[in-house]
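Structure data (mmCIF, C-alpha atoms and all ligand atoms) from input29.cif:
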```cif
data_input
#
loop_
_atom_site.label_atom_id
_atom_site.label_comp_id
_atom_site.auth_asym_id
_atom_site.auth_seq_id
_atom_site.Cartn_x
_atom_site.Cartn_y
_atom_site.Cartn_z
CA MET E 127 -15.74 -62.74 85.22
CA PHE E 128 -12.70 -64.82 86.26
CA ASN E 129 -12.12 -68.26 84.76
CA LEU E 130 -9.63 -70.74 86.14
CA VAL E 131 -8.47 -74.12 84.90
CA LEU E 132 -7.27 -76.47 87.62
CA PHE E 133 -4.93 -78.81 85.81
CA GLY E 134 -3.06 -81.95 86.84
CA PRO E 135 -2.84 -85.72 86.62
CA PRO E 136 -5.38 -88.12 88.14
CA GLY E 137 -5.20 -87.91 91.93
CA SER E 138 -3.32 -84.60 92.02
CA GLY E 139 -6.09 -83.01 94.11
CA LYS E 140 -8.14 -81.11 91.53
CA GLY E 141 -11.49 -82.08 93.06
CA THR E 142 -10.30 -81.52 96.63
CA GLN E 143 -8.86 -78.08 95.91
CA SER E 144 -11.83 -77.07 93.74
CA GLU E 145 -14.10 -77.37 96.78
CA ASN E 146 -11.93 -74.92 98.73
CA ILE E 147 -11.59 -72.52 95.82
CA VAL E 148 -15.34 -72.51 95.15
CA LYS E 149 -16.05 -71.63 98.81
CA THR E 150 -13.36 -68.98 99.07
CA TYR E 151 -13.92 -67.20 95.77
CA ASN E 152 -17.58 -67.99 94.96
CA LEU E 153 -16.78 -69.54 91.60
CA GLN E 154 -18.91 -72.13 89.80
CA HIS E 155 -17.31 -75.57 89.71
CA ILE E 156 -17.46 -77.53 86.45
CA SER E 157 -15.95 -81.02 86.67
CA THR E 158 -16.35 -83.13 83.56
CA GLY E 159 -15.61 -86.25 85.63
CA ASP E 160 -18.52 -85.44 87.99
CA LEU E 161 -20.84 -84.57 85.08
CA LEU E 162 -19.98 -87.85 83.34
CA ARG E 163 -20.42 -89.91 86.53
CA GLU E 164 -23.84 -88.29 86.98
CA GLU E 165 -24.80 -89.37 83.44
CA VAL E 166 -23.53 -92.89 84.18
CA SER E 167 -25.55 -93.16 87.40
CA ARG E 168 -28.72 -91.97 85.58
CA HIS E 169 -28.12 -94.60 82.86
CA THR E 170 -28.55 -92.01 80.10
CA PRO E 171 -27.38 -92.94 76.57
CA LEU E 172 -24.44 -90.50 77.02
CA GLY E 173 -23.56 -92.12 80.35
CA THR E 174 -23.72 -95.64 78.94
CA GLU E 175 -21.41 -94.65 76.09
CA ALA E 176 -19.01 -92.72 78.38
CA LYS E 177 -18.76 -95.60 80.88
CA LYS E 178 -17.07 -97.80 78.25
CA TYR E 179 -14.17 -95.32 78.08
CA MET E 180 -14.06 -94.41 81.78
CA ASP E 181 -13.87 -98.02 82.95
CA GLN E 182 -10.83 -98.51 80.72
CA GLY E 183 -9.11 -95.33 81.88
CA MET E 184 -9.48 -93.77 78.43
CA LEU E 185 -10.65 -90.25 77.63
CA VAL E 186 -14.26 -89.88 76.53
CA PRO E 187 -14.52 -88.44 72.96
CA ASP E 188 -14.01 -84.66 72.77
CA GLU E 189 -17.42 -83.88 71.22
CA VAL E 190 -19.23 -85.45 74.19
CA VAL E 191 -17.43 -83.43 76.85
CA ILE E 192 -17.38 -80.18 74.88
CA GLY E 193 -21.18 -80.41 74.46
CA MET E 194 -21.60 -80.96 78.21
CA ILE E 195 -19.40 -77.99 79.10
CA SER E 196 -21.22 -75.69 76.72
CA SER E 197 -24.64 -76.53 78.24
CA ARG E 198 -23.33 -76.17 81.79
CA ILE E 199 -21.86 -72.70 81.12
CA ASP E 200 -25.16 -71.60 79.58
CA GLU E 201 -27.06 -72.73 82.67
CA ILE E 202 -25.24 -70.19 84.91
CA PRO E 203 -25.24 -66.86 83.01
CA ASP E 204 -24.55 -64.66 86.08
CA ALA E 205 -21.55 -66.62 87.42
CA ARG E 206 -18.70 -64.67 89.05
CA GLY E 207 -16.49 -67.08 87.17
CA PHE E 208 -15.86 -70.76 86.57
CA ILE E 209 -13.35 -73.26 87.80
CA PHE E 210 -12.78 -76.00 85.23
CA ASP E 211 -11.67 -79.25 86.87
CA GLY E 212 -10.58 -82.11 84.60
CA PHE E 213 -11.27 -80.04 81.48
CA PRO E 214 -9.75 -79.31 79.00
CA ARG E 215 -7.89 -82.61 78.64
CA THR E 216 -6.87 -82.41 74.99
CA ARG E 217 -5.64 -79.58 72.81
CA HIS E 218 -8.87 -79.79 70.83
CA GLN E 219 -10.88 -79.32 74.05
CA ALA E 220 -8.69 -76.33 75.00
CA GLU E 221 -9.31 -74.67 71.63
CA ALA E 222 -13.05 -75.37 71.87
CA LEU E 223 -13.17 -73.84 75.37
CA ASP E 224 -11.42 -70.69 74.13
CA LYS E 225 -14.04 -70.35 71.38
CA LEU E 226 -16.95 -70.91 73.80
CA LEU E 227 -15.62 -68.28 76.21
CA GLU E 228 -14.80 -65.82 73.43
CA PHE E 229 -18.43 -66.07 72.31
CA LYS E 230 -19.36 -65.01 75.87
CA GLN E 231 -16.79 -62.19 75.70
CA THR E 232 -14.59 -63.74 78.33
CA LYS E 233 -11.51 -66.02 78.48
CA ILE E 234 -9.38 -68.33 80.61
CA HIS E 235 -7.39 -66.05 82.91
CA LEU E 236 -5.24 -68.54 84.78
CA VAL E 237 -4.24 -72.23 84.64
CA LEU E 238 -2.91 -73.73 87.87
CA ALA E 239 -1.12 -77.06 87.35
CA LEU E 240 -0.79 -79.34 90.39
CA ASP E 241 2.49 -81.21 90.44
CA VAL E 242 2.54 -84.48 92.43
CA PRO E 243 5.05 -87.37 92.05
CA GLU E 244 3.56 -90.44 90.35
CA PRO E 245 3.96 -92.91 93.27
CA GLN E 246 2.02 -90.46 95.44
CA LEU E 247 -0.79 -90.24 92.84
CA ILE E 248 -1.14 -94.02 92.71
CA LYS E 249 -1.14 -94.31 96.51
CA ARG E 250 -3.83 -91.63 96.86
CA LEU E 251 -6.11 -93.13 94.21
CA ILE E 252 -5.81 -96.69 95.51
CA GLY E 253 -6.62 -95.30 98.97
CA ARG E 254 -9.66 -93.45 97.61
CA GLY E 255 -10.77 -96.57 95.71
CA GLU E 256 -11.18 -98.43 99.00
CA THR E 257 -14.11 -96.18 99.93
CA SER E 258 -15.21 -94.20 96.84
CA GLY E 259 -16.86 -96.97 94.87
CA ARG E 260 -15.31 -95.44 91.73
CA SER E 261 -14.86 -98.25 89.22
CA ASP E 262 -11.74 -96.55 87.77
CA ASP E 263 -9.84 -96.45 91.08
CA THR E 264 -8.13 -99.84 90.64
CA GLU E 265 -4.37 -100.14 90.15
CA GLU E 266 -4.76 -101.36 86.56
CA VAL E 267 -7.10 -98.55 85.48
CA ILE E 268 -5.16 -95.90 87.44
CA THR E 269 -2.02 -96.83 85.46
CA LYS E 270 -3.95 -96.42 82.20
CA ARG E 271 -5.39 -93.08 83.30
CA ILE E 272 -1.90 -91.77 84.07
CA LYS E 273 -0.62 -92.98 80.67
CA GLU E 274 -3.55 -91.30 78.92
CA TYR E 275 -2.73 -88.12 80.86
CA HIS E 276 0.89 -88.09 79.66
CA LEU E 277 -0.08 -88.86 76.07
CA LYS E 278 -3.08 -86.59 75.50
CA THR E 279 -3.46 -84.15 78.38
CA GLN E 280 0.04 -82.93 79.15
CA PRO E 281 0.24 -81.06 75.79
CA VAL E 282 -2.60 -78.85 77.09
CA ALA E 283 -0.08 -77.38 79.57
CA ASP E 284 2.14 -76.30 76.65
CA TYR E 285 -0.90 -74.76 74.95
CA TYR E 286 -1.58 -72.47 77.95
CA SER E 287 2.09 -71.90 78.67
CA ALA E 288 2.49 -70.41 75.19
CA TYR E 289 -0.11 -67.77 76.22
CA GLY E 290 1.69 -67.13 79.54
CA LYS E 291 -1.29 -68.41 81.54
CA LEU E 292 0.26 -71.48 83.20
CA GLU E 293 1.55 -71.59 86.79
CA GLN E 294 2.95 -74.77 88.40
CA VAL E 295 2.04 -75.46 92.02
CA THR E 296 3.49 -78.20 94.21
CA GLY E 297 0.60 -80.49 95.13
CA ASP E 298 2.16 -83.02 97.50
CA HIS E 299 1.95 -80.95 100.65
CA THR E 300 -1.09 -80.99 102.94
CA VAL E 301 -4.46 -79.94 101.51
CA ALA E 302 -4.27 -76.63 103.42
CA GLU E 303 -0.69 -75.87 102.33
CA THR E 304 -1.50 -76.62 98.70
CA PHE E 305 -4.59 -74.42 98.89
CA ALA E 306 -2.47 -71.56 100.27
CA SER E 307 -0.11 -71.87 97.29
CA LEU E 308 -3.01 -71.86 94.82
CA ALA E 309 -4.66 -68.91 96.57
CA LYS E 310 -1.49 -66.80 96.20
CA HIS E 311 -1.92 -66.99 92.43
CA ILE E 312 -5.70 -66.50 92.41
CA ASN E 313 -5.48 -63.46 94.72
CA LYS E 314 -3.68 -61.59 91.95
CA TYR E 315 -6.96 -61.66 90.00
CA LEU E 316 -9.78 -61.98 92.51
CA LEU E 317 -10.52 -61.10 96.14
CA PRO E 318 -11.70 -63.90 98.46
CA VAL E 319 -15.35 -63.61 99.54
CA THR E 320 -14.87 -65.54 102.81
P1 LIG Z 1 -11.97 -87.33 86.53
O1 LIG Z 1 -13.08 -87.53 87.45
O2 LIG Z 1 -11.67 -85.96 86.04
O3 LIG Z 1 -10.72 -88.00 87.20
P2 LIG Z 1 -9.18 -87.60 87.23
O4 LIG Z 1 -8.66 -86.47 86.46
O5 LIG Z 1 -8.54 -88.90 86.94
O6 LIG Z 1 -9.08 -86.99 88.62
P3 LIG Z 1 -9.49 -87.59 89.96
O7 LIG Z 1 -10.89 -87.18 90.30
O8 LIG Z 1 -9.24 -89.06 90.03
O9 LIG Z 1 -8.42 -86.90 90.89
P4 LIG Z 1 -8.30 -85.38 91.36
O10 LIG Z 1 -7.14 -84.71 90.73
O11 LIG Z 1 -9.63 -84.66 91.29
O12 LIG Z 1 -7.91 -85.66 92.85
P5 LIG Z 1 -8.84 -85.67 94.17
O13 LIG Z 1 -9.02 -84.31 94.69
O14 LIG Z 1 -10.08 -86.48 93.92
O15 LIG Z 1 -12.13 -88.25 85.22
C1 LIG Z 1 -12.53 -89.60 85.30
C2 LIG Z 1 -12.73 -90.13 83.89
O16 LIG Z 1 -13.77 -89.40 83.21
C3 LIG Z 1 -11.50 -90.02 82.94
O17 LIG Z 1 -10.63 -91.09 83.08
C4 LIG Z 1 -12.19 -89.98 81.56
O18 LIG Z 1 -12.59 -91.27 81.17
C5 LIG Z 1 -13.46 -89.17 81.85
N1 LIG Z 1 -13.26 -87.72 81.63
C6 LIG Z 1 -13.35 -86.76 82.58
N2 LIG Z 1 -13.13 -85.55 82.04
C7 LIG Z 1 -12.86 -85.77 80.72
C8 LIG Z 1 -12.53 -84.91 79.64
N3 LIG Z 1 -12.42 -83.57 79.82
N4 LIG Z 1 -12.31 -85.46 78.42
C9 LIG Z 1 -12.44 -86.79 78.24
N5 LIG Z 1 -12.74 -87.66 79.22
C10 LIG Z 1 -12.96 -87.15 80.46
O19 LIG Z 1 -7.86 -86.44 95.16
C11 LIG Z 1 -7.57 -87.80 94.98
C12 LIG Z 1 -7.38 -88.44 96.38
O20 LIG Z 1 -6.26 -87.83 96.99
C13 LIG Z 1 -8.57 -88.21 97.32
O21 LIG Z 1 -8.76 -89.35 98.11
C14 LIG Z 1 -8.13 -87.02 98.18
O22 LIG Z 1 -8.71 -87.04 99.44
C15 LIG Z 1 -6.62 -87.24 98.23
N6 LIG Z 1 -5.87 -85.98 98.34
C16 LIG Z 1 -6.11 -84.82 97.63
N7 LIG Z 1 -5.21 -83.89 97.99
C17 LIG Z 1 -4.39 -84.47 98.90
C18 LIG Z 1 -3.25 -83.99 99.64
N8 LIG Z 1 -2.77 -82.76 99.50
N9 LIG Z 1 -2.65 -84.86 100.48
C19 LIG Z 1 -3.12 -86.14 100.64
N10 LIG Z 1 -4.20 -86.62 100.00
C20 LIG Z 1 -4.82 -85.80 99.13
#
```
Render the structure in this file as structure tokens.
Amino acid sequence: MFNLVLFGPPGSGKGTQSENIVKTYNLQHISTGDLLREEVSRHTPLGTEAKKYMDQGMLVPDEVVIGMISSRIDEIPDARGFIFDGFPRTRHQAEALDKLLEFKQTKIHLVLALDVPEPQLIKRLIGRGETSGRSDDTEEVITKRIKEYHLKTQPVADYYSAYGKLEQVTGDHTVAETFASLAKHINKYLLPVT
């Protein structure tokens, strides 16, 4: 099993690149943002609670997302591997993920961090907001999401760097060029299936 964390600030291209990686390497995609939005659209109690945080650009409490991840991993026992998109986002989440994977006798093998200048992130997300219908793609909420990223999520990069698992990848080239840079790192661990 090969497990990858795709790391980076809001709008850095985690979702976009995950799609390509999933197709090329046959990995299972777990995006906590997508899972939370699904809960919101189904009006579940978890979704109603999470929406309060998401609409303000704040992180949803750790226990909520860790519980979701754990159930999702259990649902796909024969996965070739997982790509974690938007998770972990705090040090506590990173430690919890290590414990979950250790229990399954596996681990995080590689963390690829997309690096995109902030003005570019804001431009991309405002552009997406014009068509996505995402309630957090407004300039005010985007600014809060980026602040939250610097405050709580960036330390996760140091956590993985200390284990020698972190690789930085420039993310402001075209989608195809960025994918090629990511693939160079992944190919050291896993052969493409397509
Ligand atoms: P989440 O859904 O994870 O949002 P995010 O991290 O803010 O990331 P985005 O989906 O906005 O951006 P992305 O990096 O995936 O970029 P994308 O590929 O879409 O989280 C939303 C909320 O849920 C959080 O604020 C929080 O409240 C909650 N949450 C989620 N996970 C949580 C967790 N673990 N703990 C606690 N709370 C959690 O690209 C963006 C745009 O750019 C697109 O329009 C795309 O087409 C474009 N684009 C992508 N690549 C390129 C390129 N190379 N060139 C030009 N345009 C590009």
What is the CA of Ile192 (chain E) to CA of Val166 (chain E) distance in Å?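 CA of Val166 (chain E) lies 16.9 Å from CA of Ile192 (chain E).
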Taking all atoms listed in the file into account, report as a count of residues only which residues have an atom no farther than 6 Å from an atom of ligand LIG 1 (chain Z). 33
Env of Ile234 (chain E): 8 Å cut, atoms = all atoms listed in the file, seq-sep filter 4 positions within chain, self excluded. Answer as a compact mmCIF listing (two decimals) with C-alpha atoms, in the coordinates of the input.
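Writing done, so here's out20.txt:
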```txt
# COMPACT_ATOMS: atom_id res chain seq x y z
CA PHE E 128 -12.70 -64.82 86.26
CA ASN E 129 -12.12 -68.26 84.76
CA LEU E 130 -9.63 -70.74 86.14
CA VAL E 131 -8.47 -74.12 84.90
CA ASP E 224 -11.42 -70.69 74.13
CA LEU E 227 -15.62 -68.28 76.21
```
Rank E:Ile248, E:Ile209, E:Ile268, E:Leu292 by their smallest atom-to-atom distance to Gln143 (chain E), using only C-alpha atoms, and report the top residue only.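 Smallest distance to Gln143 (chain E) is found for E:Ile209.
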Quick one: distance from CA of Phe208 (chain E) to CA of Phe133 (chain E) in Å, one decimal?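 We find that CA of Phe208 (chain E) and CA of Phe133 (chain E) lie 13.6 Å from each other.
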Taking 3 positions as the minimum chain separation for residues in the same chain, which residues sit within 12 Å of Leu226 (chain E) when counting only C-alpha atoms? Answer as a ChimeraX atom specification. /E:192-200,219-223,229-234
So which one's closest to Lys149 (chain E), E:Val242, E:Gly173, E:Ala309, E:Tyr315? Using all atoms listed in the file, please.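 That would be E:Ala309, the residue with the smallest distance to Lys149 (chain E).
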Å distance separating CA of Leu316 (chain E) from CA of Ser144 (chain E), one decimal place: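 About the pair CA of Leu316 (chain E) and CA of Ser144 (chain E): they are 15.3 Å apart.
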Nearest to His155 (chain E): which of E:Glu293, E:Ile202, E:Gln280, E:Leu172 is it, counting all atoms listed in the file?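 Ranking E:Glu293, E:Ile202, E:Gln280, E:Leu172 by distance to His155 (chain E), first place goes to E:Ile202.
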Which residue of E:Asp181, E:Ile147, E:Leu153, E:Gly255 approaches Phe305 (chain E) most closely, using all atoms listed in the file: E:Ile147
Between E:Gly259, E:Asn146, E:Pro245, E:Pro203, which has the minimum distance to Arg163 (chain E) (counting all atoms listed in the file)?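 Ranked by minimum distance to Arg163 (chain E), first place goes to E:Gly259.
Proximity ranking of E:Lys270, E:Lys314, E:Arg168, E:Arg206 relative to Gln154 (chain E) places E:Arg206 first, based on only C-alpha atoms.
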Please enclose the listed atoms of region 158-161 of chain E in an axis-aligned box, pad each side by 3 Å, and write out the centre and the three edge lengths in Å, rounded to one decimal, as JSON.
```
{"center_x": -18.2, "center_y": -84.7, "center_z": 85.8, "size_x": 11.2, "size_y": 9.1, "size_z": 10.4}
```
